[in-house]
file work-v4.pdb (PDB, C-alpha atoms)
ATOM      1  CA  MET A   3      18.471  15.406 -23.554
ATOM      2  CA  GLY A   4      16.377  12.229 -23.164
ATOM      3  CA  ASP A   5      17.575   8.675 -22.931
ATOM      4  CA  ILE A   6      17.123   6.412 -25.922
ATOM      5  CA  ILE A   7      14.783   3.446 -25.714
ATOM      6  CA  LEU A   8      15.069   0.339 -27.861
ATOM      7  CA  ASN A   9      12.187  -2.104 -27.454
ATOM      8  CA  ILE A  10      13.161  -5.296 -29.241
ATOM      9  CA  ALA A  11       9.652  -6.768 -29.437
ATOM     10  CA  LYS A  12       8.191  -3.585 -30.922
ATOM     11  CA  GLU A  13      11.053  -2.341 -33.066
ATOM     12  CA  PHE A  14      12.657  -5.571 -34.246
ATOM     13  CA  SER A  15      10.656  -8.743 -33.754
ATOM     14  CA  ARG A  16       8.376 -10.487 -31.267
ATOM     15  CA  CYS A  17      10.136 -13.717 -32.244
ATOM     16  CA  PRO A  18      13.853 -12.997 -32.444
ATOM     17  CA  GLY A  19      15.906 -15.713 -34.100
ATOM     18  CA  ALA A  20      19.358 -17.184 -33.583
ATOM     19  CA  ARG A  21      22.828 -15.807 -34.204
ATOM     20  CA  TYR A  22      23.376 -15.277 -37.905
ATOM     21  CA  PRO A  23      21.070 -14.368 -40.802
ATOM     22  CA  ASP A  24      21.568 -17.744 -42.478
ATOM     23  CA  GLU A  25      20.250 -19.433 -39.327
ATOM     24  CA  GLY A  26      16.914 -17.721 -39.689
ATOM     25  CA  ASN A  27      15.064 -14.423 -39.690
ATOM     26  CA  TYR A  28      15.619 -11.728 -37.085
ATOM     27  CA  SER A  29      19.079 -12.881 -36.082
ATOM     28  CA  GLY A  30      21.229 -11.360 -33.353
ATOM     29  CA  GLN A  31      23.694 -10.097 -35.951
ATOM     30  CA  GLU A  32      20.900  -8.358 -37.845
ATOM     31  CA  PHE A  33      19.566  -6.806 -34.646
ATOM     32  CA  ARG A  34      22.995  -5.576 -33.618
ATOM     33  CA  GLU A  35      23.898  -4.151 -37.009
ATOM     34  CA  GLN A  36      20.554  -2.557 -37.770
ATOM     35  CA  LEU A  37      19.469  -1.268 -34.392
ATOM     36  CA  LEU A  38      21.632  -1.880 -31.353
ATOM     37  CA  SER A  39      24.946  -0.612 -32.667
ATOM     38  CA  PRO A  40      23.584   2.580 -34.295
ATOM     39  CA  LYS A  41      21.544   3.422 -31.203
ATOM     40  CA  LEU A  42      24.508   2.778 -28.922
ATOM     41  CA  LYS A  43      26.601   5.151 -31.031
ATOM     42  CA  ASP A  44      23.845   7.735 -30.832
ATOM     43  CA  ALA A  45      23.545   7.362 -27.056
ATOM     44  CA  ILE A  46      27.288   7.654 -26.478
ATOM     45  CA  ASN A  47      27.525  10.723 -28.731
ATOM     46  CA  LYS A  48      24.678  12.401 -26.874
ATOM     47  CA  GLY A  49      25.881  11.289 -23.458
ATOM     48  CA  VAL A  50      22.628   9.554 -22.579
ATOM     49  CA  HIS A  51      21.607   6.013 -21.653
ATOM     50  CA  LEU A  52      20.306   3.428 -24.081
ATOM     51  CA  TYR A  53      17.521   1.349 -22.525
ATOM     52  CA  VAL A  54      17.222  -2.009 -24.267
ATOM     53  CA  ILE A  55      13.910  -3.616 -23.382
ATOM     54  CA  LEU A  56      13.759  -7.375 -23.700
ATOM     55  CA  ASP A  57      10.225  -7.825 -22.343
ATOM     56  CA  GLY A  58       7.263  -8.540 -24.579
ATOM     57  CA  SER A  59       8.852 -11.019 -26.958
ATOM     58  CA  ALA A  60       8.318 -14.762 -27.217
ATOM     59  CA  GLY A  61      11.838 -15.282 -25.877
ATOM     60  CA  TYR A  62      15.497 -15.162 -26.823
ATOM     61  CA  ALA A  63      17.861 -17.855 -27.983
ATOM     62  CA  THR A  64      21.141 -17.864 -26.090
ATOM     63  CA  SER A  65      22.934 -17.244 -29.365
ATOM     64  CA  PHE A  66      20.780 -14.172 -30.096
ATOM     65  CA  ILE A  67      21.741 -12.540 -26.801
ATOM     66  CA  GLU A  68      25.401 -13.489 -27.210
ATOM     67  CA  GLU A  69      25.663 -12.230 -30.767
ATOM     68  CA  SER A  70      23.777  -9.020 -29.976
ATOM     69  CA  PHE A  71      25.656  -7.961 -26.852
ATOM     70  CA  GLY A  72      28.887  -9.932 -27.049
ATOM     71  CA  GLY A  73      29.095  -8.954 -30.694
ATOM     72  CA  LEU A  74      28.813  -5.301 -29.698
ATOM     73  CA  VAL A  75      32.075  -5.646 -27.781
ATOM     74  CA  ARG A  76      33.684  -7.661 -30.581
ATOM     75  CA  GLU A  77      32.917  -4.864 -33.061
ATOM     76  CA  GLY A  78      35.764  -3.046 -31.326
ATOM     77  CA  THR A  79      34.286   0.446 -31.571
ATOM     78  CA  TYR A  80      33.823   0.975 -27.862
ATOM     79  CA  THR A  81      35.354  -0.344 -24.692
ATOM     80  CA  LEU A  82      33.450  -2.639 -22.378
ATOM     81  CA  GLN A  83      33.173   0.130 -19.805
ATOM     82  CA  GLN A  84      31.704   2.579 -22.315
ATOM     83  CA  ILE A  85      29.108   0.005 -23.310
ATOM     84  CA  LEU A  86      28.257  -0.962 -19.729
ATOM     85  CA  ASP A  87      27.981   2.688 -18.722
ATOM     86  CA  THR A  88      25.618   3.443 -21.586
ATOM     87  CA  ILE A  89      23.396   0.412 -22.009
ATOM     88  CA  VAL A  90      20.689  -0.406 -19.477
ATOM     89  CA  ILE A  91      19.047  -3.758 -20.146
ATOM     90  CA  VAL A  92      15.471  -4.082 -18.951
ATOM     91  CA  SER A  93      14.065  -7.586 -18.520
ATOM     92  CA  GLU A  94      11.437  -7.976 -15.844
ATOM     93  CA  GLU A  95       9.967 -11.176 -17.250
ATOM     94  CA  ASP A  96      13.322 -12.927 -16.967
ATOM     95  CA  PRO A  97      16.048 -10.910 -15.193
ATOM     96  CA  SER A  98      18.598 -13.666 -15.850
ATOM     97  CA  TYR A  99      18.889 -12.382 -19.450
ATOM     98  CA  ILE A 100      20.511  -9.250 -18.007
ATOM     99  CA  ASP A 101      23.195 -11.286 -16.234
ATOM    100  CA  ASP A 102      23.701 -13.414 -19.342
ATOM    101  CA  ALA A 103      24.204 -10.359 -21.561
ATOM    102  CA  LYS A 104      26.744  -8.879 -19.145
ATOM    103  CA  VAL A 105      28.668 -12.152 -18.941
ATOM    104  CA  TYR A 106      28.768 -12.395 -22.732
ATOM    105  CA  MET A 107      30.016  -8.800 -22.989
ATOM    106  CA  LYS A 108      32.706  -9.434 -20.385
ATOM    107  CA  ASN A 109      33.805 -12.676 -22.059
ATOM    108  CA  ALA A 110      33.950 -10.931 -25.429
ATOM    109  CA  TRP A 111      36.075  -8.209 -23.859
ATOM    110  CA  GLU A 112      38.477 -10.764 -22.389
ATOM    111  CA  HIS A 113      38.862 -12.358 -25.828
ATOM    112  CA  ARG A 114      39.383  -8.962 -27.393
ATOM    113  CA  LYS A 115      42.203  -8.169 -24.983
ATOM    114  CA  VAL A 116      44.031 -11.410 -25.801
TER     115      VAL A 116
ATOM    116  CA  MET B  19     -31.796 -30.848  11.110
ATOM    117  CA  ILE B  20     -29.071 -33.239  12.259
ATOM    118  CA  ALA B  21     -28.809 -31.338  15.556
ATOM    119  CA  VAL B  22     -32.560 -31.645  16.110
ATOM    120  CA  ILE B  23     -32.606 -35.389  15.363
ATOM    121  CA  SER B  24     -29.538 -35.898  17.595
ATOM    122  CA  ALA B  25     -31.255 -34.011  20.425
ATOM    123  CA  ILE B  26     -34.421 -36.118  20.049
ATOM    124  CA  ILE B  27     -32.440 -39.379  19.996
ATOM    125  CA  GLY B  28     -30.408 -38.234  22.999
ATOM    126  CA  TRP B  29     -33.473 -37.244  24.997
ATOM    127  CA  THR B  30     -35.273 -40.490  24.100
ATOM    128  CA  ALA B  31     -32.233 -42.572  25.045
ATOM    129  CA  CYS B  32     -31.944 -40.815  28.426
ATOM    130  CA  ALA B  33     -35.684 -41.244  29.115
ATOM    131  CA  LEU B  34     -35.573 -44.954  28.264
ATOM    132  CA  PHE B  35     -32.415 -45.416  30.292
ATOM    133  CA  GLU B  36     -33.955 -43.764  33.319
ATOM    134  CA  ARG B  37     -37.152 -45.815  33.050
ATOM    135  CA  PHE B  38     -35.834 -49.272  32.239
ATOM    136  CA  SER B  39     -32.255 -49.424  33.421
ATOM    137  CA  ILE B  40     -31.254 -50.808  36.838
ATOM    138  CA  LEU B  41     -28.559 -48.113  36.932
ATOM    139  CA  THR B  42     -29.359 -44.552  38.010
ATOM    140  CA  LEU B  43     -28.375 -41.271  36.447
ATOM    141  CA  ASP B  44     -26.543 -38.733  38.530
ATOM    142  CA  LEU B  45     -28.280 -35.460  37.687
ATOM    143  CA  SER B  46     -25.883 -33.226  39.575
ATOM    144  CA  ILE B  47     -23.567 -31.126  37.411
ATOM    145  CA  SER B  48     -19.863 -31.119  38.196
ATOM    146  CA  VAL B  49     -17.868 -27.932  37.485
ATOM    147  CA  ALA B  50     -14.936 -30.020  36.270
ATOM    148  CA  ASP B  51     -17.211 -31.731  33.720
ATOM    149  CA  VAL B  52     -18.508 -28.397  32.462
ATOM    150  CA  LEU B  53     -14.992 -26.996  32.140
ATOM    151  CA  THR B  54     -13.855 -30.122  30.296
ATOM    152  CA  LEU B  55     -16.780 -29.788  27.929
ATOM    153  CA  VAL B  56     -16.017 -26.109  27.291
ATOM    154  CA  VAL B  57     -12.343 -26.853  26.611
ATOM    155  CA  GLU B  58     -13.254 -29.702  24.238
ATOM    156  CA  VAL B  59     -15.653 -27.486  22.316
ATOM    157  CA  PHE B  60     -13.019 -24.732  22.130
ATOM    158  CA  VAL B  61     -10.347 -27.136  20.880
ATOM    159  CA  ALA B  62     -12.732 -28.568  18.279
ATOM    160  CA  LEU B  63     -13.586 -25.092  17.000
ATOM    161  CA  PHE B  64      -9.929 -24.024  17.015
ATOM    162  CA  VAL B  65      -8.818 -27.083  15.081
ATOM    163  CA  ALA B  66     -11.628 -26.710  12.544
ATOM    164  CA  ASN B  67     -11.385 -22.971  11.975
ATOM    165  CA  VAL B  68      -7.759 -22.100  12.532
ATOM    166  CA  LEU B  69      -5.459 -25.098  12.157
ATOM    167  CA  GLU B  70      -7.381 -26.859   9.380
ATOM    168  CA  LYS B  71      -7.861 -23.598   7.518
ATOM    169  CA  GLY B  72      -4.141 -22.809   7.819
ATOM    170  CA  LEU B  73      -3.239 -26.264   6.520
ATOM    171  CA  GLN B  74      -5.710 -25.932   3.681
ATOM    172  CA  ASN B  75      -4.285 -22.537   2.694
ATOM    173  CA  LYS B  76      -0.792 -23.984   2.743
ATOM    174  CA  ARG B  77      -1.992 -26.879   0.593
ATOM    175  CA  VAL B  78      -3.566 -24.499  -1.930
ATOM    176  CA  GLU B  79      -0.303 -22.509  -2.067
ATOM    177  CA  LYS B  80       1.781 -25.642  -2.594
ATOM    178  CA  ASP B  81      -0.593 -26.892  -5.259
ATOM    179  CA  PHE B  82      -0.126 -23.606  -7.118
ATOM    180  CA  TYR B  83       3.681 -23.947  -7.062
ATOM    181  CA  PHE B  84       3.471 -27.608  -8.077
ATOM    182  CA  LYS B  85       1.253 -26.739 -11.012
ATOM    183  CA  GLU B  86       3.792 -24.158 -12.187
ATOM    184  CA  LEU B  87       6.731 -26.535 -11.750
ATOM    185  CA  ASP B  88       4.806 -29.310 -13.482
ATOM    186  CA  GLU B  89       4.339 -27.010 -16.453
ATOM    187  CA  ILE B  90       8.115 -26.591 -16.706
ATOM    188  CA  LEU B  91       8.646 -30.327 -16.239
ATOM    189  CA  GLY B  92       6.108 -30.900 -19.009
ATOM    190  CA  ILE B  93       8.084 -28.632 -21.335
ATOM    191  CA  PHE B  94      11.285 -30.554 -20.661
ATOM    192  CA  SER B  95       9.605 -33.927 -21.027
ATOM    193  CA  GLU B  96       8.373 -32.794 -24.409
ATOM    194  CA  PHE B  97      11.914 -31.722 -25.360
ATOM    195  CA  GLU B  98      13.121 -35.149 -24.281
ATOM    196  CA  GLN B  99      10.645 -36.895 -26.522
ATOM    197  CA  LEU B 100      11.215 -34.591 -29.486
ATOM    198  CA  CYS B 101      14.998 -34.944 -29.290
ATOM    199  CA  ALA B 102      14.705 -38.724 -29.082
ATOM    200  CA  ARG B 103      12.280 -39.015 -32.017
ATOM    201  CA  GLN B 104      13.168 -36.186 -34.383
ATOM    202  CA  ASN B 105      16.234 -34.822 -36.114
ATOM    203  CA  THR B 106      14.883 -31.293 -36.442
ATOM    204  CA  LEU B 107      13.148 -28.900 -34.111
ATOM    205  CA  SER B 108      11.554 -25.548 -34.763
ATOM    206  CA  LEU B 109      13.805 -22.752 -33.459
ATOM    207  CA  ASP B 110      10.906 -20.424 -32.675
ATOM    208  CA  VAL B 111       8.958 -23.040 -30.747
ATOM    209  CA  THR B 112      12.065 -24.224 -28.869
ATOM    210  CA  VAL B 113      13.046 -20.686 -27.894
ATOM    211  CA  ALA B 114       9.493 -19.819 -26.844
ATOM    212  CA  ASN B 115       9.201 -22.933 -24.662
ATOM    213  CA  LEU B 116      12.583 -22.404 -23.020
ATOM    214  CA  SER B 117      11.739 -18.771 -22.346
ATOM    215  CA  ARG B 118       8.372 -19.751 -20.942
ATOM    216  CA  SER B 119      10.027 -22.141 -18.507
ATOM    217  CA  ARG B 120      12.504 -19.470 -17.396
ATOM    218  CA  ARG B 121       9.703 -16.976 -16.859
ATOM    219  CA  ILE B 122       7.604 -19.408 -14.857
ATOM    220  CA  LEU B 123      10.592 -20.164 -12.655
ATOM    221  CA  ASN B 124      11.249 -16.460 -12.171
ATOM    222  CA  ARG B 125       7.595 -15.948 -11.253
ATOM    223  CA  ILE B 126       7.697 -18.727  -8.655
ATOM    224  CA  TRP B 127      10.824 -17.307  -7.061
ATOM    225  CA  LYS B 128       9.464 -13.759  -6.985
ATOM    226  CA  LEU B 129       6.347 -14.987  -5.217
ATOM    227  CA  LYS B 130       8.448 -16.909  -2.743
ATOM    228  CA  GLU B 131      10.555 -13.810  -2.120
ATOM    229  CA  GLU B 132       7.454 -11.727  -1.585
ATOM    230  CA  PHE B 133       5.468 -14.060   0.650
ATOM    231  CA  GLU B 134       8.045 -16.239   2.327
ATOM    232  CA  ARG B 135      11.445 -14.595   2.550
ATOM    233  CA  SER B 136      13.077 -17.396   4.498
ATOM    234  CA  PHE B 137      12.502 -19.953   1.735
ATOM    235  CA  PRO B 138      14.591 -18.221  -0.979
ATOM    236  CA  LYS B 139      17.341 -17.470   1.523
ATOM    237  CA  LYS B 140      17.598 -21.120   2.576
ATOM    238  CA  ASN B 141      17.277 -22.577  -0.908
ATOM    239  CA  GLN B 142      19.051 -20.117  -3.196
ATOM    240  CA  LYS B 143      21.625 -22.741  -4.236
ATOM    241  CA  VAL B 144      18.961 -25.126  -5.468
ATOM    242  CA  TYR B 145      17.266 -22.334  -7.397
ATOM    243  CA  ASP B 146      20.576 -21.285  -8.938
ATOM    244  CA  SER B 147      21.266 -24.842 -10.084
ATOM    245  CA  VAL B 148      17.794 -25.075 -11.661
ATOM    246  CA  VAL B 149      18.447 -21.821 -13.539
ATOM    247  CA  ALA B 150      21.907 -23.021 -14.606
ATOM    248  CA  SER B 151      20.621 -26.364 -15.877
ATOM    249  CA  ILE B 152      17.798 -24.731 -17.862
ATOM    250  CA  LYS B 153      20.340 -22.318 -19.373
ATOM    251  CA  ASP B 154      22.522 -25.288 -20.278
ATOM    252  CA  VAL B 155      19.671 -26.882 -22.232
ATOM    253  CA  ASP B 156      18.981 -23.497 -23.795
ATOM    254  CA  LYS B 157      22.600 -23.150 -24.939
ATOM    255  CA  LYS B 158      22.884 -26.658 -26.319
ATOM    256  CA  LEU B 159      19.631 -26.365 -28.252
ATOM    257  CA  THR B 160      19.831 -22.792 -29.544
ATOM    258  CA  ASP B 161      23.503 -21.947 -29.980
ATOM    259  CA  ALA B 162      25.404 -23.673 -32.754
ATOM    260  CA  LYS B 163      28.647 -22.402 -31.190
ATOM    261  CA  ALA B 164      27.883 -23.653 -27.676
ATOM    262  CA  LEU B 165      30.045 -26.732 -27.996
ATOM    263  CA  ASP B 166      33.003 -25.129 -29.775
ATOM    264  CA  GLY B 167      36.111 -26.801 -28.464
ATOM    265  CA  GLU B 168      34.377 -30.003 -27.357
ATOM    266  CA  PRO B 169      36.283 -32.906 -28.883
ATOM    267  CA  ASN B 170      34.357 -35.423 -30.960
ATOM    268  CA  VAL B 171      31.100 -33.514 -30.709
ATOM    269  CA  LYS B 172      29.376 -31.976 -33.655
ATOM    270  CA  ALA B 173      27.126 -29.222 -32.341
ATOM    271  CA  ILE B 174      23.615 -28.542 -33.589
ATOM    272  CA  LYS B 175      23.185 -26.765 -36.861
ATOM    273  CA  ILE B 176      20.656 -23.981 -37.211
ATOM    274  CA  SER B 177      19.420 -23.062 -40.647
ATOM    275  CA  LYS B 178      16.347 -21.185 -41.849
ATOM    276  CA  GLY B 179      14.632 -21.365 -38.495
ATOM    277  CA  LYS B 180      15.242 -25.074 -37.903
ATOM    278  CA  ILE B 181      17.526 -26.765 -35.384
ATOM    279  CA  TYR B 182      19.272 -29.854 -36.766
ATOM    280  CA  LEU B 183      20.353 -32.459 -34.234
ATOM    281  CA  ASN B 184      22.940 -35.158 -34.778
ATOM    282  CA  ASP B 185      23.926 -38.373 -33.041
ATOM    283  CA  THR B 186      26.972 -36.907 -31.273
ATOM    284  CA  VAL B 187      25.171 -33.973 -29.708
ATOM    285  CA  ARG B 188      21.906 -35.744 -28.924
ATOM    286  CA  PRO B 189      23.218 -37.609 -25.804
ATOM    287  CA  LEU B 190      24.634 -34.332 -24.417
ATOM    288  CA  ILE B 191      21.313 -32.576 -24.914
ATOM    289  CA  GLU B 192      19.434 -35.493 -23.374
ATOM    290  CA  GLU B 193      21.718 -35.446 -20.348
ATOM    291  CA  SER B 194      21.202 -31.693 -19.946
ATOM    292  CA  ILE B 195      17.457 -32.149 -20.082
ATOM    293  CA  SER B 196      17.608 -34.946 -17.492
ATOM    294  CA  GLN B 197      19.716 -32.757 -15.209
ATOM    295  CA  ALA B 198      17.223 -29.909 -15.531
ATOM    296  CA  LYS B 199      14.373 -32.273 -14.635
ATOM    297  CA  ARG B 200      16.292 -33.605 -11.619
ATOM    298  CA  ASP B 201      16.956 -30.080 -10.368
ATOM    299  CA  LEU B 202      13.312 -29.096 -10.870
ATOM    300  CA  PHE B 203      12.223 -32.144  -8.953
ATOM    301  CA  LYS B 204      14.562 -31.194  -6.087
ATOM    302  CA  LEU B 205      12.914 -27.774  -5.942
ATOM    303  CA  LYS B 206       9.505 -29.415  -5.895
ATOM    304  CA  VAL B 207      10.534 -31.602  -2.958
ATOM    305  CA  LEU B 208      11.836 -28.573  -1.051
ATOM    306  CA  ILE B 209       8.575 -26.723  -1.549
ATOM    307  CA  ASN B 210       6.628 -29.777  -0.453
ATOM    308  CA  ASN B 211       8.710 -30.256   2.687
ATOM    309  CA  GLU B 212       8.460 -26.736   4.053
TER     310      GLU B 212
END
call {"tool": "encode", "arguments": {"input": "work-v4.pdb", "output": "structure tokens"}}
result
Amino acid sequence: MGDIILNIAKEFSRCPGARYPDEGNYSGQEFREQLLSPKLKDAINKGVHLYVILDGSAGYATSFIEESFGGLVREGTYTLQQILDTIVIVSEEDPSYIDDAKVYMKNAWEHRKV
Amino acid sequence: MIAVISAIIGWTACALFERFSILTLDLSISVADVLTLVVEVFVALFVANVLEKGLQNKRVEKDFYFKELDEILGIFSEFEQLCARQNTLSLDVTVANLSRSRRILNRIWKLKEEFERSFPKKNQKVYDSVVASIKDVDKKLTDAKALDGEPNVKAIKISKGKIYLNDTVRPLIEESISQAKRDLFKLKVLINNE
């Protein structure tokens, strides 16, 4: 069974917004609820990877990345390890987004444990 | 043309010297003189074709990196001016400019890693601090929750695609921008000095 690919620029927006819908269009919360979370669920159920491609957009606000990936952990459906084992973030234009997303997920996990 | 004129002037000067001067020319050729001449010509050619060319190539390379870094510095100078003059910024434009600066920096470092491995190894700390300071500006300008927990600071507000600044957060953002510019300048100096 093939891995799942989620290309943010093509499937969501070339100009992603901030954190919440009231902050502007194409927020991180909207992205997570509409695309990231359902596709993660699908990938975990099928036992495949979910490739999230960040390249090709105009850029990402810090809050977008935090709400998308950190929020995934805060949802509480999956453990950090399940998410890290499933999601592969692709960002060749700016690899530091990958580290940022992982840090946000880990921080969200630490808060969840408390 | 210049060589021909030089030869004519040289020959004329020697002929006049021989005819009218009370001194005499020694027409015998010394081996040491010939060897000296050959070495001088070789050194001149070597300097012109190898050393000068190498220095010029290095200059062209540095100029490329400086141009890229200047683009990032330009972005941050513009942020500085906007934050000082305006109370609102466009979220899309801010995010795009910050991302552009991060991508340019990544591009510079990848090139350095590809063509000059010793430079990234020696200067990784400086690069990391540039990345960290750009991320700090990014956070303060695009995350309304970035300053949660900071006493006496009201963070930015983001609404309908606009970033709203206030007088308590503005100095923090300005300081972050200054730090980013200082770190970028340090990187520029390192590239210049290698």
call {"tool": "resolve_selection", "arguments": {"input": "work-v4.pdb", "expression": "the PyMOL selection byres ((chain A and resi 77) around 10)", "output": "MDAnalysis selection string"}}
result
chainID A and resid 34:35 39 72:76 78:81 110 114
call {"tool": "atom_distance", "arguments": {"input": "work-v4.pdb", "atom1": "atom CA of B:Leu208", "atom2": "atom CA of B:Tyr145"}}
result
10.4 Å
call {"tool": "atom_distance", "arguments": {"input": "work-v4.pdb", "atom1": "atom CA of B:Ile195", "atom2": "atom CA of B:Asp154"}}
result
8.5 Å
call {"tool": "resolve_selection", "arguments": {"input": "work-v4.pdb", "expression": "the PyMOL selection byres ((chain B and resi 191) around 12)", "output": "PyMOL selection string"}}
result
chain B and resi 94+97-102+151-161+164-165+171-174+183-190+192-198
call {"tool": "resolve_selection", "arguments": {"input": "work-v4.pdb", "expression": "the PyMOL selection byres ((chain A) within 9 of (chain B))", "output": "PDB file with C-alpha atoms, keeping the file's coordinate frame"}}
result
ATOM      1  CA  CYS A  17      10.136 -13.717 -32.244  1.00  0.00           C
ATOM      2  CA  PRO A  18      13.853 -12.997 -32.444  1.00  0.00           C
ATOM      3  CA  GLY A  19      15.906 -15.713 -34.100  1.00  0.00           C
ATOM      4  CA  ALA A  20      19.358 -17.184 -33.583  1.00  0.00           C
ATOM      5  CA  ARG A  21      22.828 -15.807 -34.204  1.00  0.00           C
ATOM      6  CA  PRO A  23      21.070 -14.368 -40.802  1.00  0.00           C
ATOM      7  CA  ASP A  24      21.568 -17.744 -42.478  1.00  0.00           C
ATOM      8  CA  GLU A  25      20.250 -19.433 -39.327  1.00  0.00           C
ATOM      9  CA  GLY A  26      16.914 -17.721 -39.689  1.00  0.00           C
ATOM     10  CA  ASN A  27      15.064 -14.423 -39.690  1.00  0.00           C
ATOM     11  CA  SER A  59       8.852 -11.019 -26.958  1.00  0.00           C
ATOM     12  CA  ALA A  60       8.318 -14.762 -27.217  1.00  0.00           C
ATOM     13  CA  GLY A  61      11.838 -15.282 -25.877  1.00  0.00           C
ATOM     14  CA  TYR A  62      15.497 -15.162 -26.823  1.00  0.00           C
ATOM     15  CA  ALA A  63      17.861 -17.855 -27.983  1.00  0.00           C
ATOM     16  CA  THR A  64      21.141 -17.864 -26.090  1.00  0.00           C
ATOM     17  CA  SER A  65      22.934 -17.244 -29.365  1.00  0.00           C
ATOM     18  CA  PHE A  66      20.780 -14.172 -30.096  1.00  0.00           C
ATOM     19  CA  GLU A  95       9.967 -11.176 -17.250  1.00  0.00           C
ATOM     20  CA  ASP A  96      13.322 -12.927 -16.967  1.00  0.00           C
ATOM     21  CA  PRO A  97      16.048 -10.910 -15.193  1.00  0.00           C
ATOM     22  CA  SER A  98      18.598 -13.666 -15.850  1.00  0.00           C
TER      23      SER A  98
END
call {"tool": "atom_distance", "arguments": {"input": "work-v4.pdb", "atom1": "atom CA of A:Glu32", "atom2": "atom CA of A:Lys12"}}
result
15.2 Å
call {"tool": "residues_near_point", "arguments": {"input": "work-v4.pdb", "point": "(32.1, 5.8, -22.7)", "cutoff": "12 Å", "atoms": "only C-alpha atoms", "output": "ChimeraX atom specification"}}
result
/A:42-51,79-89
call {"tool": "residues_near_point", "arguments": {"input": "work-v4.pdb", "point": "(8.7, 2.4, -27.6)", "cutoff": "12 Å", "atoms": "only C-alpha atoms", "output": "ChimeraX atom specification"}}
result
/A:5-14,53-58
call {"tool": "residues_around", "arguments": {"input": "work-v4.pdb", "residues": "stretch 70-77 of chain B", "least_positions_apart": "2", "cutoff": "12 Å", "atoms": "only C-alpha atoms", "output": "MDAnalysis selection string"}}
result
chainID B and resid 61:68 79:84 133:134 209:212
call {"tool": "write_last_selection", "arguments": {"input": "work-v4.pdb", "atoms": "C-alpha atoms", "output": "mmCIF file, keeping the file's coordinate frame"}}
result
data_model
loop_
_atom_site.group_PDB
_atom_site.id
_atom_site.type_symbol
_atom_site.label_atom_id
_atom_site.label_comp_id
_atom_site.auth_asym_id
_atom_site.auth_seq_id
_atom_site.Cartn_x
_atom_site.Cartn_y
_atom_site.Cartn_z
ATOM 1 C CA VAL B 61 -10.347 -27.136 20.880
ATOM 2 C CA ALA B 62 -12.732 -28.568 18.279
ATOM 3 C CA LEU B 63 -13.586 -25.092 17.000
ATOM 4 C CA PHE B 64 -9.929 -24.024 17.015
ATOM 5 C CA VAL B 65 -8.818 -27.083 15.081
ATOM 6 C CA ALA B 66 -11.628 -26.710 12.544
ATOM 7 C CA ASN B 67 -11.385 -22.971 11.975
ATOM 8 C CA VAL B 68 -7.759 -22.100 12.532
ATOM 9 C CA GLU B 79 -0.303 -22.509 -2.067
ATOM 10 C CA LYS B 80 1.781 -25.642 -2.594
ATOM 11 C CA ASP B 81 -0.593 -26.892 -5.259
ATOM 12 C CA PHE B 82 -0.126 -23.606 -7.118
ATOM 13 C CA TYR B 83 3.681 -23.947 -7.062
ATOM 14 C CA PHE B 84 3.471 -27.608 -8.077
ATOM 15 C CA PHE B 133 5.468 -14.060 0.650
ATOM 16 C CA GLU B 134 8.045 -16.239 2.327
ATOM 17 C CA ILE B 209 8.575 -26.723 -1.549
ATOM 18 C CA ASN B 210 6.628 -29.777 -0.453
ATOM 19 C CA ASN B 211 8.710 -30.256 2.687
ATOM 20 C CA GLU B 212 8.460 -26.736 4.053
#
